[in-house]
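Just below is one structure, and these are the notes that go with it.
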There are 4 protein chains.
Amino acid sequence: MPGKIRIAQSVSFDTPASEQPYLHNRWHPDIPSIASVKPGETVKIECLDWTGGQIGNNDSADDVRDVDLTRIHYLTGPFDVEGSEPGDLLVVNITDIQPFDHSPWGFTGIFARENGGGFLDRHYPRAAKAIWDFDGIYCTSRHIPGVRFAGLIHPGILGCAPSPEVLAEWNRREAELIGACAHSHPEQVVALAPLETNAHTGRAGGELKARVAREGARTIPGRPEHGGNVDINNISRGSTTYLPVHVPGAKFSVGDLHFSQGDGEISFCGAIEMAGIITIKFDLVKNGMKERAIKSPVYRPGDVAQLFGPSRYLTFEGFSVDESGKQHFLDATIAYRQACLRVIEYLKQVGYSGEQIYLLLSCAPIRGSIAGIVDVPNACTTLGLPMDIFDFDISVEAERVKRSLGACPVAD
Amino acid sequence: MPGKIRIAQSVSFDTPASEQPYLHNRWHPDIPSIASVKPGETVKIECLDWTGGQIGNNDSADDVRDVDLTRIHYLTGPFDVEGSEPGDLLVVNITDIQPFDHSPWGFTGIFARENGGGFLDRHYPRAAKAIWDFDGIYCTSRHIPGVRFAGLIHPGILGCAPSPEVLAEWNRREAELIGACAHSHPEQVVALAPLETNAHTGRAGGELKARVAREGARTIPGRPEHGGNVDINNISRGSTTYLPVHVPGAKFSVGDLHFSQGDGEISFCGAIEMAGIITIKFDLVKNGMKERAIKSPVYRPGDVAQLFGPSRYLTFEGFSVDESGKQHFLDATIAYRQACLRVIEYLKQVGYSGEQIYLLLSCAPIRGSIAGIVDVPNACTTLGLPMDIFDFDISVEAERVKRSLGACPVAD
Amino acid sequence: MPGKIRIAQSVSFDTPASEQPYLHNRWHPDIPSIASVKPGETVKIECLDWTGGQIGNNDSADDVRDVDLTRIHYLTGPFDVEGSEPGDLLVVNITDIQPFDHSPWGFTGIFARENGGGFLDRHYPRAAKAIWDFDGIYCTSRHIPGVRFAGLIHPGILGCAPSPEVLAEWNRREAELIGACAHSHPEQVVALAPLETNAHTGRAGGELKARVAREGARTIPGRPEHGGNVDINNISRGSTTYLPVHVPGAKFSVGDLHFSQGDGEISFCGAIEMAGIITIKFDLVKNGMKERAIKSPVYRPGDVAQLFGPSRYLTFEGFSVDESGKQHFLDATIAYRQACLRVIEYLKQVGYSGEQIYLLLSCAPIRGSIAGIVDVPNACTTLGLPMDIFDFDISVEAERVKRSLGACPVAD
Amino acid sequence: MPGKIRIAQSVSFDTPASEQPYLHNRWHPDIPSIASVKPGETVKIECLDWTGGQIGNNDSADDVRDVDLTRIHYLTGPFDVEGSEPGDLLVVNITDIQPFDHSPWGFTGIFARENGGGFLDRHYPRAAKAIWDFDGIYCTSRHIPGVRFAGLIHPGILGCAPSPEVLAEWNRREAELIGACAHSHPEQVVALAPLETNAHTGRAGGELKARVAREGARTIPGRPEHGGNVDINNISRGSTTYLPVHVPGAKFSVGDLHFSQGDGEISFCGAIEMAGIITIKFDLVKNGMKERAIKSPVYRPGDVAQLFGPSRYLTFEGFSVDESGKQHFLDATIAYRQACLRVIEYLKQVGYSGEQIYLLLSCAPIRGSIAGIVDVPNACTTLGLPMDIFDFDISVEAERVKRSLGACPVAD
């Protein structure tokens, strides 16, 4: 008879993240497994927030400005799943995710342009922050009054360890990009090479630790071979993800929990970042990569979602003509940036500051869609803003009213 | 007492599109208006398919291969909306769209790489076609058996005429791109300059016609200042779009009706293209561009939509690492291409050919989302495939079964 | 190659309904079939409104007050479906329903208590009417300003002819009820016995006509053996209904089209009644009644629906304690009446008259649900009112504002 | 700065429910308040299951058969809400509900016909039981294999204390029904009079306890004046209920938590009954009963729900002709019973026993709707069964396959 669900791994709020041996912040096949689960088994896994506690529940953005990005992301794992072999698909059915009862809050940050940056860092170069308080499924922020919404809680990062070959490929191609841009865009961080500083290699010690720190891939990008930091907001409660397995035992890790995130997570530290507990039912599709022709993760969202009527999304169009009026060729990234900027201009009219809106678009349940991607030279994207999250009417028809909507902390 | 809704403009299936004076295929402020509507009025507007009848309901893709793209898109208009002035927002509430009773079919095409191309033209360079038969709200194709879905009918193109200044800006920036790429990508059509050949300038004749043909912007791309060819599939029945007005009278045009289209419209002729009748209720927000801070079109989808449960979308992830393994920097366009390719590999397993799937992804109600766009160097996009449109189970768990799923015509 | 969909039967707006031989207003196995369709075939069937044109598009409720209910409902049919035999299930896939282009309006009526009555006739005994104008998928009424909604168009009546045995059973059990109530509730019409007056027996003439008129069941009630007047509002576009077949050829009839209807259709003439064209794809499940254990109709709604967010339904509770304070035993009918009365009291506060609200609840997309039906002695039902159909905010929190919301015609 | 949410009341799993002074199982204005909350405050309230622990997580239905119904329902409260007065509306925003971590299971019971009974007790007179195990948001049962669904967790009971006048009215009208039926239906329990046996009056002792026990209303029925045992399944996370206040301080109580429940809760102990923790944000609408014309509770469901596509509900029709073929007059209760019986016949074909289906319909997310309630003499109701909760295809078209689906415990 089933009883209480087993906690496969807990975390500590008292010990520094860097000293907790069941965490790691690099991807490498040789980070030792911390526990084992069986196919068909459901377990709970605790996670710290992605920064390992660098950001406080306060009204200053200095901690966001000064964040140490060599330390991130602190993931819990890796876990062995019994019987899994390279070529299998690991089935990850998230049956619950919750914040800790003792810690019902999260944060959204805009990183300073020179330390992390974000999608709109040319427009908003200074660090800023919003703290969100959780009230059950809802959240509100003293820094962005006038909005309240339910969170579609999800992990930003989930994936299995790379094989040595996969890791080598990652390092090769990212190094190539870094090299290619070194001259053309010297000021732009285009990718992050392996870095020994502050590498947390889990239980690996000594020589192994040194090697993992030297070779291990950074956790910032998601990657096609395993997923990783995909930041997909409907990989939430009830979802089922099929992850490629590259090493014996799968070596699954998870972390970077988000209370809520908008499509794009545009401010980079853009979700409502939190510590919490994820409950996962694991399973395997043996030899599924080949038999199902699956090279990258595939998933099905959960049945349970926040439901707004279609007509309740005020939707903004963005095209691949940049802020300076320059025409780009079918560039969906630039097109989405334009859509974001259009919303900011619009919402300034109702009383928010640019930083407040930038933070809000990062974490609220907005929808970013690829509308048309073939009509040369313009890609067209859309950004749907759910009007029901606001306490007041933001429709085009609504009377414009003076409102006092406070401020979010911005660092100098 | 209201009666039958007025037909503001009908079209002919007997006269060549190029000879119907209430159509036009270039954007220009001086194309003469064909009719006038009042704010608050609802009218019906008939439209030909975007090619003006170049594609037949048959089993050969030769017509798609040989399509004359200098002729497109045949739009109906422009219409004056009484009282509208530059700076207003034209409110376009689509209260219905239907195919013609006598013409219950549409087509989806893959253009040949050397004549139009598409999102995956390096992989599928040959022209191909699928004909879709409409059965009320549903469609099926003899060329892609095993699928049936309801159409979210919408216009690919809607917009107001550019002012001379806006038109000049379009021509400037697109010429700049063409110039910039002339050496670097000589084989790639990056944008289409104004072209007198087959320009249809509506009722404009003589000297005016010559000037419009010489200056008029092509209708292929959507553009931020007015919308145009946005190919947004939920600008459907019940939607309300707020369009910037740039010339007195607004000069609204519409066309390129789609029975259904997937996010991205990836094969370029990718929707289910059809002729039909759109019913629009017009209104104005006076001085709305400034007072609402709206520079590009904004819209609210309709309340009525095809509704699949969230968990019924089998969703594929795509990242900005291209087919050759080259790493790109936060390129959502490349990321979405990878997601498309992942689905094609997957669906080949159930029995379709690559061309069949490419056509299907172009026109079926798939969802293309921007998941994460800040985690250097990888943008992550997702493509959600609604499993309920298939007659058989396409889930990862389903047994793989040999199926005979016919073929779509492909041109040599 | 499929072409235009065949019209299996058209109707006339010039000839009286009683003289159109492809209509009938009684259920009987011997009404002659008017046409034949094949399994797998899609056809269009035209229908008059249920009264056969007794109600006009005007501002008087006299025609509703004086309606002749011996004439209703005018159904189109019966149609033979080739190969169908008793015990089969007839599969009715509604692929479209539309009003006639020349007749874009409908009506909702409150019948006078002494001629038809309705769910709240003790409270609203006088006849009243609202005319609705269709604007594509939407409707508005000059008699109930301030609301606009999309219609989920559906047939109130669809069913196959009864066998002689089924018909005899209907007449037996309904006569028994009439007899039982003759003394206890002499003033209450509890059921309608067969009635020769104004019986329309389709093509049946002479002796057959007389017999059908004498024996034929009235079309007012739905009945478990075949469906009939079920008034189920999501048997709409895209739905598939499985109907028991009782006679060779099935003898399918359809009519009583509704542009929109609330759960319960409480004012009896409560939907937005209209003439129109229904498109149906027919099929058969041979021997399905026995093999699937189906005695009464079963259906699947369509994928396409009007979608409001769950929280946009202001929902009222109703219990089985009647208006006089009398306690009834688990009576869901009384409970639903109480919920209706609660809404009327509430909406009077925003400015409507009782009759306007009664009409609105009858035809707008409200949800009537059975919440709890076992907690003696109170059944609990709920009535969900979609707040987004109103032009103004009807939430509990909204400021109460004086509004002038006109009036609907009420007959003396 | 907000911190951890306050637990306004905890419960014990070690002490008998009858000895926990912050519980009560009768409604009475004089049951002493146990705690006070402020408008605008969010608190957690713990609840036992409705029976106070009488049912075990085991494979025998004897405990269900032998349940002591004089003891139910154990509610937590009453709570004073500061500043509330008769005539106000108490705003209950449920921001979360969860089972206890240590108790991740619930039960659904069929009561024996002679001890509690249920909606189908003439057909299924014996006690039966299903135990459900919770896996995050999902549940499964070893007694009903082949189904899995997410719970829409909700309280069966929430309400404010009656005033002396309201209580007197309840006792009057229910006594009248009991009296009226004493001769006509002596074997039928039509309502439950106040009963001193096992009355739990919270902190009331001595004379007060005796009086409350003597006068206090039973908690079985919901009642129009305050709500109470409404068993409305979408008063779940995110919902906001407006409750009439009848006594100073409101005296709010809550309990009878359900992991999931189908519309109607047909087997009486029909939800998945559980102990758990509900989080509520309280507020007041001062004088709202009069100013908003609200006599019975009104609510708005939460934004977050389990979402199935409309076409995924296999929907059964039920009419007011009873099992013996007797015609009833517009009786929605009988009509819904017929719909339930139709589903049972249908699902027996896929391999379940009658008791298994009866239990499943009670607790799974089925939809019970009032379709037509005016077409004399037949009310028509519908029961929508979500096909996606089954592991196998239950559609009409699916091949019928022999399945071994176990059994649920049934008591002799």
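Ordering of the structure tokens sets the chain letters (A, B, ...); residue numbers start at 1 within each chain; ligands are numbered from 1 in the order shown.
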
Please provide as a VMD selection string all residues within 7 Å of B:Tyr138, with the sequence filter that same-chain residues fewer than 6 positions apart are discarded (counting only C-alpha atoms).
(chain B and resid 148 to 151) or (chain C and resid 95)

Atoms kept (N, CA and C atoms) for selection, written as a short mmCIF file (atom, residue, chain, number, x, y, z; two decimals), in the first residue's frame:
```cif
data_model
loop_
_atom_site.label_atom_id
_atom_site.label_comp_id
_atom_site.auth_asym_id
_atom_site.auth_seq_id
_atom_site.Cartn_x
_atom_site.Cartn_y
_atom_site.Cartn_z
N ARG B 148 -7.69 15.29 -39.99
CA ARG B 148 -8.91 16.08 -40.17
C ARG B 148 -8.91 17.10 -39.05
N PHE B 149 -9.17 18.35 -39.40
CA PHE B 149 -9.20 19.37 -38.35
C PHE B 149 -10.11 20.52 -38.74
N ALA B 150 -10.52 21.26 -37.74
CA ALA B 150 -11.35 22.44 -37.97
C ALA B 150 -10.44 23.61 -38.30
N GLY B 151 -10.90 24.44 -39.20
CA GLY B 151 -10.11 25.61 -39.60
C GLY B 151 -10.41 26.81 -38.73
N THR C 95 -21.23 19.32 -39.52
CA THR C 95 -20.00 19.99 -39.94
C THR C 95 -20.19 21.49 -40.14
#
```

Up to 6 Å from chain B, what residues of chain C turn up? Count only C-alpha atoms and give them as a PyMOL selection string.
chain C and resi 4+95-96+102+136-137+303-307

Print the selection's residues with C-alpha atoms to a file, as a PDB file, in the first residue's frame.
```pdb
ATOM      1  CA  LYS C   4     -20.038  21.695 -53.776  1.00  0.00           C
ATOM      2  CA  THR C  95     -19.998  19.990 -39.938  1.00  0.00           C
ATOM      3  CA  ASP C  96     -21.690  23.375 -40.166  1.00  0.00           C
ATOM      4  CA  HIS C 102     -31.140  36.769 -46.360  1.00  0.00           C
ATOM      5  CA  GLY C 136     -21.414  37.048 -38.296  1.00  0.00           C
ATOM      6  CA  ILE C 137     -20.810  34.819 -35.299  1.00  0.00           C
ATOM      7  CA  ASP C 303     -13.699  21.021 -30.833  1.00  0.00           C
ATOM      8  CA  VAL C 304     -14.642  24.600 -31.551  1.00  0.00           C
ATOM      9  CA  ALA C 305     -16.409  26.498 -28.811  1.00  0.00           C
ATOM     10  CA  GLN C 306     -16.756  29.889 -27.255  1.00  0.00           C
ATOM     11  CA  LEU C 307     -14.145  29.969 -24.550  1.00  0.00           C
TER      12      LEU C 307
END
```

When DSSP works through the backbone of this structure, what residues of stretch 337-411 of chain B end up as alpha helix (DSSP H), shown as a list of chain:residue names?
B:Arg337, B:Gln338, B:Ala339, B:Cys340, B:Leu341, B:Arg342, B:Val343, B:Ile344, B:Glu345, B:Tyr346, B:Leu347, B:Lys348, B:Gly354, B:Glu355, B:Gln356, B:Ile357, B:Tyr358, B:Leu359, B:Leu360, B:Leu361, B:Ser362, B:Cys363

Atomic distance atom CA of C:Trp50 - atom CA of C:Gln338, expressed in Å with one decimal:
28.4 Å

Polymer residues at most 7 Å from stretch 375-387 of chain C, only C-alpha atoms, same-chain spacing of 2 or more positions, as a ChimeraX atom specification:
/C:312-320,328-332,335-336,339,366-373,389-390,394 /D:190-191,220-223,230,268

Give me every strand (DSSP E) residue in stretch 78-153 of chain B, going by DSSP on the backbone, as number ranges by chain.
B: 78-81, 89-99, 105-110, 128-135, 138-141, 149-150

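When the distance limit is 10 Å and only C-alpha atoms are what count, the residues near A:Arg113, minus those fewer than 4 positions from it on the same chain, are Arg65, Gly117, Gly118, Phe119, Leu120, Asp121, Arg122, His123, Tyr124, Pro125, Arg126, Ala127 and Gln188 of chain A.
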
The selected residues should be written to file as an mmCIF file, in the first residue's frame (atoms: all heavy atoms).
```
data_model
loop_
_atom_site.group_PDB
_atom_site.id
_atom_site.type_symbol
_atom_site.label_atom_id
_atom_site.label_comp_id
_atom_site.auth_asym_id
_atom_site.auth_seq_id
_atom_site.Cartn_x
_atom_site.Cartn_y
_atom_site.Cartn_z
ATOM 1 N N ARG A 65 22.522 43.252 -8.976
ATOM 2 C CA ARG A 65 23.636 43.884 -9.707
ATOM 3 C C ARG A 65 24.943 43.131 -9.498
ATOM 4 O O ARG A 65 25.735 42.947 -10.425
ATOM 5 C CB ARG A 65 23.795 45.332 -9.214
ATOM 6 C CG ARG A 65 24.933 46.107 -9.887
ATOM 7 C CD ARG A 65 25.239 47.377 -9.102
ATOM 8 N NE ARG A 65 25.645 47.051 -7.736
ATOM 9 C CZ ARG A 65 25.613 47.885 -6.705
ATOM 10 N NH1 ARG A 65 25.173 49.129 -6.875
ATOM 11 N NH2 ARG A 65 25.999 47.498 -5.502
ATOM 12 N N GLY A 117 23.254 40.876 -18.230
ATOM 13 C CA GLY A 117 22.432 41.488 -19.277
ATOM 14 C C GLY A 117 21.098 40.802 -19.448
ATOM 15 O O GLY A 117 20.631 40.063 -18.580
ATOM 16 N N GLY A 118 20.489 41.084 -20.587
ATOM 17 C CA GLY A 118 19.181 40.509 -20.861
ATOM 18 C C GLY A 118 18.710 40.959 -22.219
ATOM 19 O O GLY A 118 19.454 41.619 -22.972
ATOM 20 N N PHE A 119 17.467 40.643 -22.541
ATOM 21 C CA PHE A 119 16.970 40.809 -23.898
ATOM 22 C C PHE A 119 16.867 42.286 -24.281
ATOM 23 O O PHE A 119 16.956 42.628 -25.450
ATOM 24 C CB PHE A 119 15.597 40.127 -23.981
ATOM 25 C CG PHE A 119 15.117 39.851 -25.367
ATOM 26 C CD1 PHE A 119 15.926 39.215 -26.307
ATOM 27 C CD2 PHE A 119 13.815 40.174 -25.740
ATOM 28 C CE1 PHE A 119 15.457 38.939 -27.583
ATOM 29 C CE2 PHE A 119 13.344 39.896 -27.009
ATOM 30 C CZ PHE A 119 14.161 39.278 -27.937
ATOM 31 N N LEU A 120 16.661 43.140 -23.297
ATOM 32 C CA LEU A 120 16.480 44.566 -23.594
ATOM 33 C C LEU A 120 17.550 45.401 -22.912
ATOM 34 O O LEU A 120 17.334 46.535 -22.501
ATOM 35 C CB LEU A 120 15.087 45.025 -23.123
ATOM 36 C CG LEU A 120 13.887 44.212 -23.605
ATOM 37 C CD1 LEU A 120 12.595 44.783 -23.025
ATOM 38 C CD2 LEU A 120 13.812 44.200 -25.134
ATOM 39 N N ASP A 121 18.765 44.841 -22.784
ATOM 40 C CA ASP A 121 19.753 45.521 -21.944
ATOM 41 C C ASP A 121 20.259 46.823 -22.551
ATOM 42 O O ASP A 121 20.790 47.665 -21.837
ATOM 43 C CB ASP A 121 20.896 44.584 -21.527
ATOM 44 C CG ASP A 121 21.601 43.924 -22.684
ATOM 45 O OD1 ASP A 121 21.351 44.310 -23.845
ATOM 46 O OD2 ASP A 121 22.388 43.001 -22.429
ATOM 47 N N ARG A 122 20.060 47.004 -23.844
ATOM 48 C CA ARG A 122 20.443 48.313 -24.392
ATOM 49 C C ARG A 122 19.486 49.403 -23.927
ATOM 50 O O ARG A 122 19.833 50.566 -23.874
ATOM 51 C CB ARG A 122 20.431 48.275 -25.916
ATOM 52 C CG ARG A 122 21.539 47.365 -26.412
ATOM 53 C CD ARG A 122 21.579 47.244 -27.892
ATOM 54 N NE ARG A 122 22.541 46.170 -28.189
ATOM 55 C CZ ARG A 122 23.323 46.163 -29.238
ATOM 56 N NH1 ARG A 122 23.263 47.135 -30.118
ATOM 57 N NH2 ARG A 122 24.166 45.167 -29.432
ATOM 58 N N HIS A 123 18.261 48.979 -23.632
ATOM 59 C CA HIS A 123 17.254 49.946 -23.195
ATOM 60 C C HIS A 123 17.230 50.088 -21.678
ATOM 61 O O HIS A 123 16.962 51.155 -21.157
ATOM 62 C CB HIS A 123 15.876 49.515 -23.693
ATOM 63 C CG HIS A 123 15.797 49.408 -25.180
ATOM 64 N ND1 HIS A 123 15.409 50.446 -25.973
ATOM 65 C CD2 HIS A 123 16.114 48.386 -26.030
ATOM 66 C CE1 HIS A 123 15.453 50.070 -27.252
ATOM 67 N NE2 HIS A 123 15.890 48.826 -27.311
ATOM 68 N N TYR A 124 17.504 49.000 -21.013
ATOM 69 C CA TYR A 124 17.435 48.993 -19.543
ATOM 70 C C TYR A 124 18.727 48.386 -19.005
ATOM 71 O O TYR A 124 18.767 47.221 -18.629
ATOM 72 C CB TYR A 124 16.194 48.221 -19.073
ATOM 73 C CG TYR A 124 14.928 48.883 -19.589
ATOM 74 C CD1 TYR A 124 14.276 48.389 -20.708
ATOM 75 C CD2 TYR A 124 14.453 50.047 -18.982
ATOM 76 C CE1 TYR A 124 13.150 49.042 -21.213
ATOM 77 C CE2 TYR A 124 13.332 50.693 -19.487
ATOM 78 C CZ TYR A 124 12.680 50.193 -20.598
ATOM 79 O OH TYR A 124 11.583 50.839 -21.093
ATOM 80 N N PRO A 125 19.788 49.164 -18.991
ATOM 81 C CA PRO A 125 21.108 48.604 -18.643
ATOM 82 C C PRO A 125 21.332 48.413 -17.146
ATOM 83 O O PRO A 125 22.275 47.732 -16.763
ATOM 84 C CB PRO A 125 22.091 49.646 -19.211
ATOM 85 C CG PRO A 125 21.316 50.931 -19.203
ATOM 86 C CD PRO A 125 19.872 50.560 -19.437
ATOM 87 N N ARG A 126 20.481 48.989 -16.304
ATOM 88 C CA ARG A 126 20.751 48.914 -14.863
ATOM 89 C C ARG A 126 20.025 47.743 -14.214
ATOM 90 O O ARG A 126 18.944 47.349 -14.652
ATOM 91 C CB ARG A 126 20.320 50.226 -14.192
ATOM 92 C CG ARG A 126 21.176 51.419 -14.640
ATOM 93 C CD ARG A 126 20.817 52.661 -13.847
ATOM 94 N NE ARG A 126 19.411 53.003 -14.028
ATOM 95 C CZ ARG A 126 18.741 53.834 -13.223
ATOM 96 N NH1 ARG A 126 19.357 54.394 -12.188
ATOM 97 N NH2 ARG A 126 17.477 54.109 -13.447
ATOM 98 N N ALA A 127 20.615 47.217 -13.168
ATOM 99 C CA ALA A 127 19.992 46.104 -12.449
ATOM 100 C C ALA A 127 18.724 46.579 -11.744
ATOM 101 O O ALA A 127 18.657 47.698 -11.237
ATOM 102 C CB ALA A 127 20.962 45.528 -11.417
ATOM 103 N N GLN A 188 30.372 41.700 -26.542
ATOM 104 C CA GLN A 188 29.185 40.874 -26.333
ATOM 105 C C GLN A 188 29.593 39.493 -25.828
ATOM 106 O O GLN A 188 30.421 38.823 -26.439
ATOM 107 C CB GLN A 188 28.430 40.753 -27.671
ATOM 108 C CG GLN A 188 27.266 39.782 -27.661
ATOM 109 C CD GLN A 188 26.046 40.363 -26.988
ATOM 110 O OE1 GLN A 188 25.538 41.409 -27.392
ATOM 111 N NE2 GLN A 188 25.570 39.708 -25.938
#
```

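In this model, the gap between atom CA of A:Ser324 and atom CA of A:Ile344 comes to 16.9 Å.
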
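Ranking C:Arg337, C:His73, C:Arg214, C:Lys402 by their shortest atom-to-atom distance to C:Ser267, with only C-alpha atoms included, puts C:Arg337 first.
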
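For the choices B:Pro365, B:Ile55, B:Ala112, B:Cys269, the atom-to-atom distance to B:Asn234 is smallest for B:Pro365 when using only C-alpha atoms.
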